[in-house]
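Engineer: So here's coords_10.txt, just compact mmCIF, N, CA and C atoms:
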# COMPACT_ATOMS: atom_id res chain seq x y z
N MET A 11 6.79 31.69 3.71
CA MET A 11 7.56 30.50 3.42
C MET A 11 6.60 29.44 2.91
N MET A 12 6.86 28.96 1.71
CA MET A 12 6.02 27.91 1.14
C MET A 12 6.52 26.56 1.62
N THR A 13 5.60 25.75 2.12
CA THR A 13 5.94 24.39 2.53
C THR A 13 4.94 23.43 1.90
N LEU A 14 5.39 22.22 1.70
CA LEU A 14 4.55 21.15 1.20
C LEU A 14 4.41 20.13 2.32
N VAL A 15 3.19 19.80 2.69
CA VAL A 15 2.93 18.84 3.76
C VAL A 15 2.26 17.63 3.15
N SER A 16 2.82 16.46 3.40
CA SER A 16 2.19 15.22 2.94
C SER A 16 2.10 14.27 4.13
N TYR A 17 1.10 13.43 4.11
CA TYR A 17 0.91 12.53 5.23
C TYR A 17 0.29 11.22 4.77
N ASP A 18 0.55 10.19 5.56
CA ASP A 18 -0.04 8.88 5.35
C ASP A 18 -0.46 8.38 6.72
N VAL A 19 -1.75 8.26 6.91
CA VAL A 19 -2.29 7.90 8.22
C VAL A 19 -2.92 6.51 8.13
N SER A 20 -2.56 5.65 9.06
CA SER A 20 -3.15 4.31 9.13
C SER A 20 -4.61 4.43 9.55
N THR A 21 -5.51 3.90 8.73
CA THR A 21 -6.95 4.01 9.01
C THR A 21 -7.58 2.64 9.26
N VAL A 22 -6.82 1.73 9.86
CA VAL A 22 -7.35 0.40 10.13
C VAL A 22 -8.34 0.41 11.30
N ASP A 23 -8.33 1.47 12.08
CA ASP A 23 -9.30 1.59 13.19
C ASP A 23 -9.90 2.99 13.17
N ASN A 24 -10.89 3.20 14.02
CA ASN A 24 -11.58 4.50 14.06
C ASN A 24 -10.67 5.63 14.53
N LYS A 25 -9.72 5.33 15.41
CA LYS A 25 -8.79 6.37 15.87
C LYS A 25 -7.97 6.89 14.70
N GLY A 26 -7.56 6.00 13.80
CA GLY A 26 -6.81 6.42 12.62
C GLY A 26 -7.64 7.30 11.70
N LYS A 27 -8.90 6.94 11.52
CA LYS A 27 -9.79 7.75 10.68
C LYS A 27 -9.98 9.14 11.28
N THR A 28 -10.06 9.21 12.60
CA THR A 28 -10.19 10.49 13.28
C THR A 28 -8.92 11.32 13.09
N ARG A 29 -7.75 10.69 13.24
CA ARG A 29 -6.49 11.40 13.02
C ARG A 29 -6.40 11.93 11.59
N LEU A 30 -6.81 11.13 10.63
CA LEU A 30 -6.78 11.53 9.23
C LEU A 30 -7.61 12.79 9.00
N ARG A 31 -8.83 12.81 9.55
CA ARG A 31 -9.70 13.99 9.40
C ARG A 31 -9.09 15.21 10.10
N LYS A 32 -8.52 15.02 11.27
CA LYS A 32 -7.94 16.14 12.02
C LYS A 32 -6.74 16.74 11.28
N ILE A 33 -5.89 15.89 10.72
CA ILE A 33 -4.73 16.39 9.98
C ILE A 33 -5.19 17.14 8.74
N ALA A 34 -6.14 16.58 8.00
CA ALA A 34 -6.64 17.25 6.79
C ALA A 34 -7.26 18.59 7.15
N LYS A 35 -8.05 18.63 8.21
CA LYS A 35 -8.70 19.88 8.61
C LYS A 35 -7.67 20.93 9.02
N GLU A 36 -6.66 20.53 9.76
CA GLU A 36 -5.61 21.47 10.18
C GLU A 36 -4.89 22.04 8.96
N CYS A 37 -4.58 21.19 8.00
CA CYS A 37 -3.91 21.67 6.79
C CYS A 37 -4.82 22.57 5.96
N GLN A 38 -6.10 22.23 5.88
CA GLN A 38 -7.05 23.05 5.12
C GLN A 38 -7.22 24.44 5.73
N ASN A 39 -7.04 24.54 7.03
CA ASN A 39 -7.15 25.84 7.70
C ASN A 39 -6.04 26.81 7.26
N TYR A 40 -4.95 26.26 6.75
CA TYR A 40 -3.79 27.11 6.45
C TYR A 40 -3.29 27.02 5.02
N GLY A 41 -3.85 26.14 4.21
CA GLY A 41 -3.31 25.99 2.87
C GLY A 41 -4.30 25.41 1.89
N GLN A 42 -3.75 24.96 0.78
CA GLN A 42 -4.53 24.45 -0.34
C GLN A 42 -4.20 22.98 -0.56
N ARG A 43 -5.24 22.14 -0.64
CA ARG A 43 -5.04 20.73 -0.96
C ARG A 43 -4.67 20.64 -2.43
N VAL A 44 -3.56 19.96 -2.74
CA VAL A 44 -3.15 19.79 -4.12
C VAL A 44 -3.19 18.32 -4.56
N GLN A 45 -3.26 17.42 -3.63
CA GLN A 45 -3.47 15.98 -3.85
C GLN A 45 -4.26 15.49 -2.63
N ASN A 46 -4.67 14.23 -2.65
CA ASN A 46 -5.49 13.73 -1.54
C ASN A 46 -4.85 13.97 -0.17
N SER A 47 -3.60 13.66 0.00
CA SER A 47 -2.93 13.84 1.29
C SER A 47 -1.74 14.77 1.18
N VAL A 48 -1.85 15.78 0.33
CA VAL A 48 -0.76 16.73 0.11
C VAL A 48 -1.33 18.14 0.10
N PHE A 49 -0.71 19.03 0.88
CA PHE A 49 -1.14 20.41 0.97
C PHE A 49 0.04 21.34 0.75
N GLU A 50 -0.22 22.48 0.11
CA GLU A 50 0.74 23.57 0.03
C GLU A 50 0.32 24.62 1.05
N LEU A 51 1.25 24.98 1.93
CA LEU A 51 0.98 25.99 2.95
C LEU A 51 1.96 27.14 2.77
N ASP A 52 1.44 28.34 2.62
CA ASP A 52 2.27 29.53 2.49
C ASP A 52 2.11 30.33 3.77
N LEU A 53 3.08 30.19 4.69
CA LEU A 53 2.96 30.72 6.04
C LEU A 53 4.20 31.50 6.44
N ASP A 54 4.03 32.41 7.39
CA ASP A 54 5.21 32.99 8.02
C ASP A 54 5.78 31.94 8.97
N TYR A 55 7.02 32.13 9.36
CA TYR A 55 7.72 31.09 10.12
C TYR A 55 7.04 30.77 11.46
N GLY A 56 6.57 31.78 12.16
CA GLY A 56 5.91 31.55 13.45
C GLY A 56 4.65 30.72 13.31
N THR A 57 3.82 31.04 12.33
CA THR A 57 2.59 30.27 12.10
C THR A 57 2.93 28.86 11.66
N PHE A 58 3.95 28.73 10.81
CA PHE A 58 4.37 27.40 10.38
C PHE A 58 4.74 26.53 11.58
N LEU A 59 5.50 27.08 12.54
CA LEU A 59 5.88 26.30 13.71
C LEU A 59 4.67 25.86 14.51
N GLN A 60 3.67 26.73 14.63
CA GLN A 60 2.44 26.38 15.34
C GLN A 60 1.71 25.23 14.64
N VAL A 61 1.57 25.33 13.32
CA VAL A 61 0.89 24.28 12.55
C VAL A 61 1.66 22.96 12.65
N ARG A 62 2.97 23.04 12.50
CA ARG A 62 3.80 21.84 12.60
C ARG A 62 3.62 21.16 13.95
N ASN A 63 3.63 21.93 15.02
CA ASN A 63 3.45 21.35 16.36
C ASN A 63 2.07 20.72 16.52
N ARG A 64 1.03 21.36 15.96
CA ARG A 64 -0.31 20.78 16.03
C ARG A 64 -0.37 19.45 15.29
N LEU A 65 0.25 19.41 14.11
CA LEU A 65 0.25 18.16 13.33
C LEU A 65 1.00 17.05 14.06
N LEU A 66 2.12 17.41 14.67
CA LEU A 66 2.91 16.41 15.40
C LEU A 66 2.15 15.87 16.61
N LYS A 67 1.27 16.66 17.19
CA LYS A 67 0.46 16.19 18.32
C LYS A 67 -0.65 15.25 17.86
N ILE A 68 -1.06 15.37 16.60
CA ILE A 68 -2.16 14.55 16.08
C ILE A 68 -1.68 13.17 15.64
N ILE A 69 -0.55 13.12 14.93
CA ILE A 69 -0.15 11.84 14.33
C ILE A 69 0.29 10.83 15.38
N ASP A 70 0.18 9.57 15.01
CA ASP A 70 0.70 8.46 15.80
C ASP A 70 2.00 8.05 15.12
N THR A 71 3.13 8.40 15.72
CA THR A 71 4.42 8.18 15.06
C THR A 71 4.76 6.71 14.87
N ASP A 72 4.06 5.81 15.54
CA ASP A 72 4.29 4.38 15.35
C ASP A 72 3.59 3.86 14.10
N ASN A 73 2.51 4.54 13.66
CA ASN A 73 1.71 4.04 12.54
C ASN A 73 1.55 5.00 11.38
N ASP A 74 1.78 6.29 11.60
CA ASP A 74 1.53 7.31 10.58
C ASP A 74 2.85 7.92 10.11
N SER A 75 2.75 8.64 8.99
CA SER A 75 3.91 9.33 8.44
C SER A 75 3.52 10.76 8.10
N LEU A 76 4.37 11.69 8.46
CA LEU A 76 4.18 13.11 8.14
C LEU A 76 5.47 13.61 7.54
N ARG A 77 5.39 14.20 6.34
CA ARG A 77 6.57 14.75 5.67
C ARG A 77 6.33 16.21 5.36
N ILE A 78 7.33 17.04 5.64
CA ILE A 78 7.23 18.48 5.38
C ILE A 78 8.43 18.87 4.53
N TYR A 79 8.13 19.52 3.41
CA TYR A 79 9.17 19.98 2.48
C TYR A 79 9.18 21.50 2.51
N TYR A 80 10.33 22.08 2.76
CA TYR A 80 10.47 23.53 2.83
C TYR A 80 10.87 24.04 1.45
N LEU A 81 9.96 24.77 0.80
CA LEU A 81 10.23 25.28 -0.54
C LEU A 81 10.73 26.72 -0.52
N GLY A 82 10.57 27.40 0.59
CA GLY A 82 11.13 28.73 0.75
C GLY A 82 10.38 29.83 0.02
N LYS A 83 11.05 30.95 -0.16
CA LYS A 83 10.42 32.13 -0.75
C LYS A 83 10.40 32.08 -2.27
N ASN A 84 11.34 31.40 -2.89
CA ASN A 84 11.38 31.30 -4.36
C ASN A 84 10.72 30.01 -4.83
N TRP A 85 9.62 29.67 -4.22
CA TRP A 85 8.95 28.41 -4.49
C TRP A 85 8.44 28.29 -5.92
N GLN A 86 8.12 29.40 -6.59
CA GLN A 86 7.57 29.35 -7.95
C GLN A 86 8.52 28.63 -8.90
N ARG A 87 9.82 28.77 -8.69
CA ARG A 87 10.80 28.11 -9.56
C ARG A 87 10.97 26.64 -9.21
N ARG A 88 10.44 26.22 -8.09
CA ARG A 88 10.65 24.85 -7.63
C ARG A 88 9.45 23.94 -7.86
N ILE A 89 8.37 24.49 -8.40
CA ILE A 89 7.16 23.69 -8.61
C ILE A 89 6.81 23.69 -10.09
N GLU A 90 6.61 22.50 -10.62
CA GLU A 90 6.08 22.34 -11.97
C GLU A 90 4.78 21.58 -11.85
N HIS A 91 3.78 21.97 -12.61
CA HIS A 91 2.49 21.30 -12.56
C HIS A 91 2.10 20.84 -13.95
N PHE A 92 1.65 19.59 -14.04
CA PHE A 92 1.17 19.01 -15.29
C PHE A 92 -0.12 18.28 -14.99
N GLY A 93 -1.09 18.36 -15.87
CA GLY A 93 -2.29 17.57 -15.69
C GLY A 93 -3.54 18.39 -15.47
N ALA A 94 -4.58 17.70 -15.02
CA ALA A 94 -5.93 18.21 -15.03
C ALA A 94 -6.22 19.30 -14.01
N LYS A 95 -5.75 19.15 -12.79
CA LYS A 95 -6.11 20.14 -11.77
C LYS A 95 -5.44 21.46 -12.06
N GLN A 96 -6.22 22.52 -11.98
CA GLN A 96 -5.69 23.86 -12.19
C GLN A 96 -4.78 24.24 -11.03
N THR A 97 -3.71 24.90 -11.34
CA THR A 97 -2.83 25.40 -10.31
C THR A 97 -3.38 26.71 -9.77
N TYR A 98 -2.82 27.22 -8.71
CA TYR A 98 -3.29 28.46 -8.11
C TYR A 98 -2.09 29.24 -7.61
N ASN A 99 -2.29 30.49 -7.35
CA ASN A 99 -1.24 31.34 -6.80
C ASN A 99 -1.64 31.73 -5.38
N PRO A 100 -1.02 31.14 -4.35
CA PRO A 100 -1.41 31.46 -2.98
C PRO A 100 -1.12 32.90 -2.58
N GLU A 101 -0.30 33.60 -3.34
CA GLU A 101 0.00 34.99 -3.05
C GLU A 101 -0.87 35.93 -3.87
N GLY A 102 -1.76 35.38 -4.69
CA GLY A 102 -2.62 36.19 -5.53
C GLY A 102 -3.86 36.68 -4.80
N THR A 103 -4.80 37.23 -5.52
CA THR A 103 -6.03 37.77 -4.96
C THR A 103 -6.94 36.64 -4.52
N LEU A 104 -7.48 36.77 -3.33
CA LEU A 104 -8.40 35.78 -2.78
C LEU A 104 -9.82 36.31 -2.91
N ILE A 105 -10.67 35.54 -3.57
CA ILE A 105 -12.07 35.93 -3.73
C ILE A 105 -12.89 34.99 -2.88
N VAL A 106 -13.67 35.56 -1.97
CA VAL A 106 -14.47 34.75 -1.04
C VAL A 106 -15.93 34.87 -1.41
Turn the structure described in the file into structure tokens.

Structural biologist:
Amino acid sequence: MMTLVSYDVSTVDNKGKTRLRKIAKECQNYGQRVQNSVFELDLDYGTFLQVRNRLLKIIDTDNDSLRIYYLGKNWQRRIEHFGAKQTYNPEGTLIV
């Protein structure tokens, strides 16, 4: 299941900066950064629920914002990309 995760974390204090790093790291563990605070995650439903719960434990709901968009299995038809950054295929071959 392809999901898009975006977030806006208040960084007026050190706790906010720490939350920002933790959210970015959690998303990087499971997906690809496509914008500064936007990640594409291609996960099975169980793993998605685990990641979602971890992110919800990190954010401060009084000061931060977390948005999750469910693109589903036919996500290729729902995404258009224009501009400089190269797109990628998360279901393609991974070279490490």

Engineer: Give me the residues within 7 Å of range 13-18 of chain A as a list in words, counting all atoms listed in the file and dropping any in the same chain fewer than 3 places off.

Structural biologist: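 The residues satisfying every condition are Ser47, Val48, Phe49, Glu50, Leu51, Asp52, Leu53, Asn73, Asp74, Ser75, Leu76, Arg77, Ile78, Tyr79, Tyr80, Leu81 and Gly82 of chain A.
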
Engineer: As an exercise, work out the distance from CA of Arg29 in chain A to CA of Ile69 in chain A in Å and give it to one decimal place.

Structural biologist: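 One can read the CA of Arg29 in chain A to CA of Ile69 in chain A distance as 6.5 Å.
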
Engineer: Can you tell me how far CA of Ile33 in chain A sits from CA of Leu65 in chain A, in Å to one decimal?

Structural biologist: 6.3 Å

Engineer: Choose the residue, out of A:Asn24, A:Val19, A:Asn46, A:Met11, that has the smallest atom-to-atom separation from Asp70 in chain A; count all atoms listed in the file.

Structural biologist: A:Val19

Engineer: Atom N of Asp72 in chain A and atom C of Gln38 in chain A are how many Å apart?

Structural biologist: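 Atom-to-atom, atom N of Asp72 in chain A and atom C of Gln38 in chain A are spaced 23.9 Å apart.
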
Engineer: Looking at A:Ala94, A:Val22, A:Lys83, A:Tyr40, which one is nearest to Thr57 in chain A, with distances taken over only C-alpha atoms?

Structural biologist: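 Closest to Thr57 in chain A, using only C-alpha atoms: A:Tyr40.
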
Engineer: List every residue of range 13-91 of chain A that DSSP, applied to the backbone of this structure, assigns to strand (DSSP E or B), and report them as a ChimeraX atom specification.

Structural biologist: /A:13-18,41-45,48-52,75-82

Engineer: Of the candidates A:Glu36, A:Gly93, A:Ser20, A:Lys27, which shows the shortest atom-to-atom distance to Gln60 in chain A, using only C-alpha atoms?

Structural biologist: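 Of A:Glu36, A:Gly93, A:Ser20, A:Lys27, the one nearest Gln60 in chain A, counting only C-alpha atoms, is A:Glu36.
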